[in-house]
Amino acid sequence: MTSPAERPSVLFVCVHNAGRSQMAAAFLTHLAGGRVQVRSAGSAPADTVNPAVVEAMSEAGIDISAEVPKVLTVEAVQASDVVITMGCGDTCPVFPGKRYLDWGLPDPAGQGVEAVRPIRGEIEKRIRGLLEEIAPLSQE
């Protein structure tokens with residue numbers, strides 16, 4: 001049994017950390033209510049989060065306007081229980097004992113909010129499934 005202090009940790013990784021991984025981290029943070037430690041990073045981070053992604057998340061009631069793309073570090077991978085990659089390919093470091101998932105999702109880079117909405121919806125669906133698996137609400 002794990003104690004409440006031993007929350008599962010999830011790292012979302014994409015190339016620029018400006019779209020998919022930011023949306024996934026924001027949804028998990030929002031939906032988990034503190035039950036999961038959440039990180040996101042990019043193998044080649046952009047300067048800013050994609051404005052269409054910020055707008056799409058705002059439509060979903062989640063403000064990510066203050067988020068900044070972060071560089072992927074070995075330490076972030078080592079500190080995570082689950083690493084979910086979204087198109088970073090071989091640039092993601094792999095360590096034994098970690099659970100890796102690869103979510104093949106379209107890259108919202110250069111897309112308008114209309115193109116980002118279906119990606120946002122797919123990410124939210126996957127996050128809800130992941131959350132139910134790694135940190136389900138107790139049935140008490």
# chains A, B, ... in the order shown; residues from 1 in each chain; ligands from 1

$ residues_around --residues "region 69-79 of chain A" --least-positions-apart "5" --cutoff "7 Å" --atoms "only C-alpha atoms" --output "list in words"
Leu11, Asn17, Ala18, Ala41, Gly42, Ser43, Ala44, Pro45, Ala46, Asp47, Thr48, Val49 and Pro93 of chain A

$ closest_residue --among "A:Ile62, A:Val53, A:Val68, A:Ala135" --to "Ala115 (chain A)" --atoms "only C-alpha atoms"
A:Val53

$ select_by_dssp --residues "region 70-116 of chain A" --states "helix (DSSP H, G or I)" --output "CSV table (one decimal) with all heavy atoms, in the first residue's frame"
chain,number,residue,atom,x,y,z
A,74,VAL,N,17.1,14.6,-17.5
A,74,VAL,CA,17.2,13.2,-17.0
A,74,VAL,C,16.5,13.1,-15.6
A,74,VAL,O,15.8,12.1,-15.3
A,74,VAL,CB,18.6,12.8,-17.0
A,74,VAL,CG1,18.8,11.5,-16.2
A,74,VAL,CG2,19.2,12.7,-18.4
A,75,GLU,N,16.7,14.1,-14.8
A,75,GLU,CA,16.1,14.1,-13.5
A,75,GLU,C,14.6,14.1,-13.5
A,75,GLU,O,14.0,13.4,-12.7
A,75,GLU,CB,16.6,15.4,-12.7
A,75,GLU,CG,18.0,15.4,-12.4
A,75,GLU,CD,18.9,15.9,-13.6
A,75,GLU,OE1,18.4,16.5,-14.5
A,75,GLU,OE2,20.1,15.5,-13.6
A,76,ALA,N,14.0,14.8,-14.4
A,76,ALA,CA,12.5,14.7,-14.5
A,76,ALA,C,12.0,13.3,-14.9
A,76,ALA,O,11.0,12.9,-14.3
A,76,ALA,CB,12.0,15.8,-15.6
A,77,VAL,N,12.7,12.7,-15.8
A,77,VAL,CA,12.3,11.3,-16.1
A,77,VAL,C,12.5,10.4,-14.9
A,77,VAL,O,11.7,9.6,-14.6
A,77,VAL,CB,13.1,10.8,-17.3
A,77,VAL,CG1,12.8,9.3,-17.6
A,77,VAL,CG2,12.9,11.7,-18.6
A,78,GLN,N,13.7,10.5,-14.3
A,78,GLN,CA,14.0,9.6,-13.1
A,78,GLN,C,13.0,9.8,-12.0
A,78,GLN,O,12.7,8.9,-11.3
A,78,GLN,CB,15.4,9.9,-12.6
A,78,GLN,CG,16.5,9.4,-13.5
A,78,GLN,CD,17.9,9.7,-13.1
A,78,GLN,OE1,18.1,10.8,-12.6
A,78,GLN,NE2,18.8,8.8,-13.3
A,89,GLY,N,10.0,10.9,-30.0
A,89,GLY,CA,10.9,9.8,-30.6
A,89,GLY,C,12.0,9.4,-29.7
A,89,GLY,O,11.9,9.2,-28.5
A,90,ASP,N,13.2,9.2,-30.4
A,90,ASP,CA,14.3,8.7,-29.7
A,90,ASP,C,15.0,9.7,-28.7
A,90,ASP,O,16.0,9.3,-28.1
A,90,ASP,CB,15.4,8.1,-30.7
A,90,ASP,CG,14.8,7.0,-31.5
A,90,ASP,OD1,13.9,6.3,-31.0
A,90,ASP,OD2,15.3,6.8,-32.6
A,91,THR,N,14.6,10.9,-28.7
A,91,THR,CA,15.2,11.9,-27.9
A,91,THR,C,14.8,11.8,-26.4
A,91,THR,O,15.4,12.4,-25.5
A,91,THR,CB,14.9,13.3,-28.3
A,91,THR,OG1,13.5,13.6,-28.2
A,91,THR,CG2,15.4,13.6,-29.7
A,113,VAL,N,-7.1,27.4,-33.5
A,113,VAL,CA,-7.9,26.8,-32.4
A,113,VAL,C,-8.9,25.7,-32.9
A,113,VAL,O,-9.1,24.7,-32.2
A,113,VAL,CB,-8.6,27.9,-31.5
A,113,VAL,CG1,-9.7,28.5,-32.2
A,113,VAL,CG2,-9.0,27.3,-30.2
A,114,GLU,N,-9.4,25.9,-34.1
A,114,GLU,CA,-10.3,24.9,-34.6
A,114,GLU,C,-9.7,23.5,-34.8
A,114,GLU,O,-10.3,22.5,-34.5
A,114,GLU,CB,-10.9,25.3,-36.0
A,114,GLU,CG,-11.7,26.6,-36.0
A,114,GLU,CD,-10.8,27.9,-35.9
A,114,GLU,OE1,-9.6,27.8,-36.3
A,114,GLU,OE2,-11.4,28.9,-35.5
A,115,ALA,N,-8.4,23.5,-35.2
A,115,ALA,CA,-7.7,22.3,-35.3
A,115,ALA,C,-7.2,21.7,-34.0
A,115,ALA,O,-7.0,20.5,-33.8
A,115,ALA,CB,-6.5,22.5,-36.2
A,116,VAL,N,-7.1,22.6,-33.0
A,116,VAL,CA,-6.6,22.2,-31.6
A,116,VAL,C,-7.7,21.5,-30.8
A,116,VAL,O,-7.4,20.6,-30.1
A,116,VAL,CB,-6.0,23.4,-30.9
A,116,VAL,CG1,-5.6,23.0,-29.4
A,116,VAL,CG2,-4.7,23.9,-31.6

$ closest_residue --among "A:Gly87, A:Gly104, A:Gly121, A:Gly97" --to "Met23 (chain A)" --atoms "only C-alpha atoms"
A:Gly121

$ closest_residue --among "A:Ser21, A:Ser58, A:Ser80, A:Gln111" --to "Gln37 (chain A)" --atoms "only C-alpha atoms"
A:Ser80

$ closest_atom_pairs --of "region 3-52 of chain A" --to "region 98-102 of chain A" --cutoff "10 Å" --atoms "only C-alpha atoms" --output "CSV"
residue,atom,partner,partner_atom,distance
A:Val10,CA,A:Arg99,CA,9.5
A:Leu11,CA,A:Tyr100,CA,9.7
A:Phe12,CA,A:Leu101,CA,9.6
A:Val13,CA,A:Asp102,CA,9.4

$ write_last_selection --atoms "C-alpha atoms" --output "PDB file, in the first residue's frame"
ATOM      1  CA  VAL A  10       3.507  11.564 -14.486  1.00  0.00           C
ATOM      2  CA  LEU A  11       5.770  13.307 -17.001  1.00  0.00           C
ATOM      3  CA  PHE A  12       4.383  14.409 -20.378  1.00  0.00           C
ATOM      4  CA  VAL A  13       6.989  14.900 -23.099  1.00  0.00           C
TER       5      VAL A  13
END

$ select_by_dssp --residues "region 3-125 of chain A" --states "strand (DSSP E)" --output "PyMOL selection string"
chain A and resi 9-14+37-42+82-85+99-102

$ write_last_selection --atoms "all heavy atoms" --output "short mmCIF file (atom, residue, chain, number, x, y, z; two decimals), in the first residue's frame"
data_model
loop_
_atom_site.label_atom_id
_atom_site.label_comp_id
_atom_site.auth_asym_id
_atom_site.auth_seq_id
_atom_site.Cartn_x
_atom_site.Cartn_y
_atom_site.Cartn_z
N SER A 9 3.56 9.92 -10.01
CA SER A 9 4.03 11.09 -10.75
C SER A 9 4.04 10.75 -12.24
O SER A 9 4.40 9.65 -12.64
CB SER A 9 5.41 11.52 -10.28
OG SER A 9 6.33 10.47 -10.44
N VAL A 10 3.61 11.74 -13.04
CA VAL A 10 3.51 11.56 -14.49
C VAL A 10 4.27 12.70 -15.17
O VAL A 10 4.15 13.87 -14.78
CB VAL A 10 2.03 11.57 -14.94
CG1 VAL A 10 1.93 11.45 -16.46
CG2 VAL A 10 1.25 10.45 -14.26
N LEU A 11 5.04 12.34 -16.18
CA LEU A 11 5.77 13.31 -17.00
C LEU A 11 5.25 13.20 -18.43
O LEU A 11 5.24 12.12 -19.00
CB LEU A 11 7.27 13.01 -16.97
CG LEU A 11 8.16 13.78 -17.96
CD1 LEU A 11 8.15 15.28 -17.66
CD2 LEU A 11 9.58 13.24 -17.93
N PHE A 12 4.81 14.34 -18.98
CA PHE A 12 4.38 14.41 -20.38
C PHE A 12 5.49 15.06 -21.19
O PHE A 12 5.98 16.13 -20.82
CB PHE A 12 3.10 15.24 -20.51
CG PHE A 12 1.93 14.64 -19.80
CD1 PHE A 12 1.56 15.08 -18.54
CD2 PHE A 12 1.20 13.61 -20.39
CE1 PHE A 12 0.47 14.52 -17.88
CE2 PHE A 12 0.12 13.04 -19.73
CZ PHE A 12 -0.25 13.50 -18.48
N VAL A 13 5.88 14.40 -22.29
CA VAL A 13 6.99 14.90 -23.10
C VAL A 13 6.58 15.00 -24.56
O VAL A 13 6.05 14.05 -25.14
CB VAL A 13 8.21 13.95 -23.01
CG1 VAL A 13 9.38 14.52 -23.81
CG2 VAL A 13 8.62 13.72 -21.57
N CYS A 14 6.81 16.18 -25.16
CA CYS A 14 6.71 16.33 -26.60
C CYS A 14 7.89 17.19 -27.04
O CYS A 14 8.69 17.61 -26.20
CB CYS A 14 5.36 16.89 -27.06
SG CYS A 14 4.99 18.57 -26.56
N GLN A 37 1.32 13.88 -9.02
CA GLN A 37 2.34 14.89 -9.29
C GLN A 37 2.53 14.95 -10.79
O GLN A 37 2.72 13.92 -11.44
CB GLN A 37 3.64 14.52 -8.59
CG GLN A 37 4.71 15.58 -8.71
CD GLN A 37 5.96 15.22 -7.94
OE1 GLN A 37 6.16 14.08 -7.54
NE2 GLN A 37 6.82 16.19 -7.76
N VAL A 38 2.46 16.16 -11.37
CA VAL A 38 2.45 16.32 -12.82
C VAL A 38 3.62 17.18 -13.28
O VAL A 38 3.89 18.23 -12.70
CB VAL A 38 1.13 16.98 -13.28
CG1 VAL A 38 1.08 17.09 -14.79
CG2 VAL A 38 -0.08 16.20 -12.76
N ARG A 39 4.29 16.71 -14.34
CA ARG A 39 5.37 17.47 -14.96
C ARG A 39 5.16 17.43 -16.47
O ARG A 39 4.57 16.49 -16.99
CB ARG A 39 6.74 16.85 -14.69
CG ARG A 39 7.16 16.79 -13.26
CD ARG A 39 8.53 16.07 -13.15
NE ARG A 39 8.95 15.94 -11.78
CZ ARG A 39 8.60 14.95 -10.98
NH1 ARG A 39 7.82 13.99 -11.40
NH2 ARG A 39 9.03 14.91 -9.74
N SER A 40 5.72 18.43 -17.18
CA SER A 40 5.78 18.36 -18.64
C SER A 40 7.10 18.97 -19.08
O SER A 40 7.67 19.82 -18.38
CB SER A 40 4.59 19.09 -19.29
OG SER A 40 4.73 20.49 -19.16
N ALA A 41 7.57 18.52 -20.24
CA ALA A 41 8.85 19.02 -20.75
C ALA A 41 8.93 18.74 -22.25
O ALA A 41 8.14 17.97 -22.79
CB ALA A 41 10.01 18.34 -20.02
N GLY A 42 9.93 19.36 -22.87
CA GLY A 42 10.14 19.15 -24.30
C GLY A 42 11.60 18.87 -24.60
O GLY A 42 12.49 19.37 -23.92
N VAL A 82 5.38 7.41 -14.44
CA VAL A 82 4.86 7.18 -15.79
C VAL A 82 5.37 8.30 -16.69
O VAL A 82 5.28 9.48 -16.33
CB VAL A 82 3.31 7.18 -15.80
CG1 VAL A 82 2.78 6.94 -17.21
CG2 VAL A 82 2.76 6.15 -14.83
N VAL A 83 5.93 7.94 -17.84
CA VAL A 83 6.41 8.91 -18.81
C VAL A 83 5.58 8.72 -20.08
O VAL A 83 5.56 7.63 -20.65
CB VAL A 83 7.91 8.72 -19.12
CG1 VAL A 83 8.38 9.72 -20.17
CG2 VAL A 83 8.75 8.82 -17.85
N ILE A 84 4.87 9.78 -20.47
CA ILE A 84 4.02 9.72 -21.65
C ILE A 84 4.62 10.61 -22.73
O ILE A 84 4.73 11.82 -22.55
CB ILE A 84 2.58 10.14 -21.33
CG1 ILE A 84 2.00 9.18 -20.28
CG2 ILE A 84 1.73 10.16 -22.61
CD1 ILE A 84 0.62 9.53 -19.80
N THR A 85 5.05 9.97 -23.80
CA THR A 85 5.66 10.71 -24.90
C THR A 85 4.62 10.99 -25.98
O THR A 85 3.68 10.24 -26.16
CB THR A 85 6.85 9.94 -25.50
OG1 THR A 85 6.39 8.66 -25.97
CG2 THR A 85 7.96 9.73 -24.47
N ARG A 99 7.32 3.30 -16.40
CA ARG A 99 6.29 2.91 -17.35
C ARG A 99 6.23 3.97 -18.45
O ARG A 99 6.10 5.16 -18.18
CB ARG A 99 4.94 2.84 -16.63
CG ARG A 99 3.82 2.44 -17.57
CD ARG A 99 2.54 2.25 -16.81
NE ARG A 99 1.46 2.02 -17.75
CZ ARG A 99 0.20 2.26 -17.49
NH1 ARG A 99 -0.15 2.70 -16.30
NH2 ARG A 99 -0.72 2.05 -18.40
N TYR A 100 6.37 3.53 -19.69
CA TYR A 100 6.34 4.44 -20.83
C TYR A 100 5.10 4.20 -21.67
O TYR A 100 4.76 3.06 -21.96
CB TYR A 100 7.59 4.24 -21.71
CG TYR A 100 8.85 4.73 -21.05
CD1 TYR A 100 9.58 3.90 -20.21
CD2 TYR A 100 9.29 6.03 -21.22
CE1 TYR A 100 10.72 4.35 -19.57
CE2 TYR A 100 10.43 6.50 -20.60
CZ TYR A 100 11.14 5.65 -19.77
OH TYR A 100 12.27 6.10 -19.14
N LEU A 101 4.45 5.27 -22.04
CA LEU A 101 3.32 5.22 -22.96
C LEU A 101 3.62 6.21 -24.07
O LEU A 101 4.18 7.28 -23.82
CB LEU A 101 2.02 5.64 -22.26
CG LEU A 101 1.56 4.80 -21.06
CD1 LEU A 101 0.37 5.46 -20.38
CD2 LEU A 101 1.21 3.40 -21.51
N ASP A 102 3.25 5.87 -25.29
CA ASP A 102 3.41 6.81 -26.40
C ASP A 102 2.03 7.11 -26.95
O ASP A 102 1.34 6.21 -27.44
CB ASP A 102 4.32 6.23 -27.49
CG ASP A 102 4.58 7.26 -28.58
OD1 ASP A 102 4.90 8.42 -28.24
OD2 ASP A 102 4.44 6.91 -29.76
#

$ closest_residue --among "A:Gly19, A:Gly34, A:Pro51, A:Gly110" --to "Ile123 (chain A)" --atoms "only C-alpha atoms"
A:Gly19
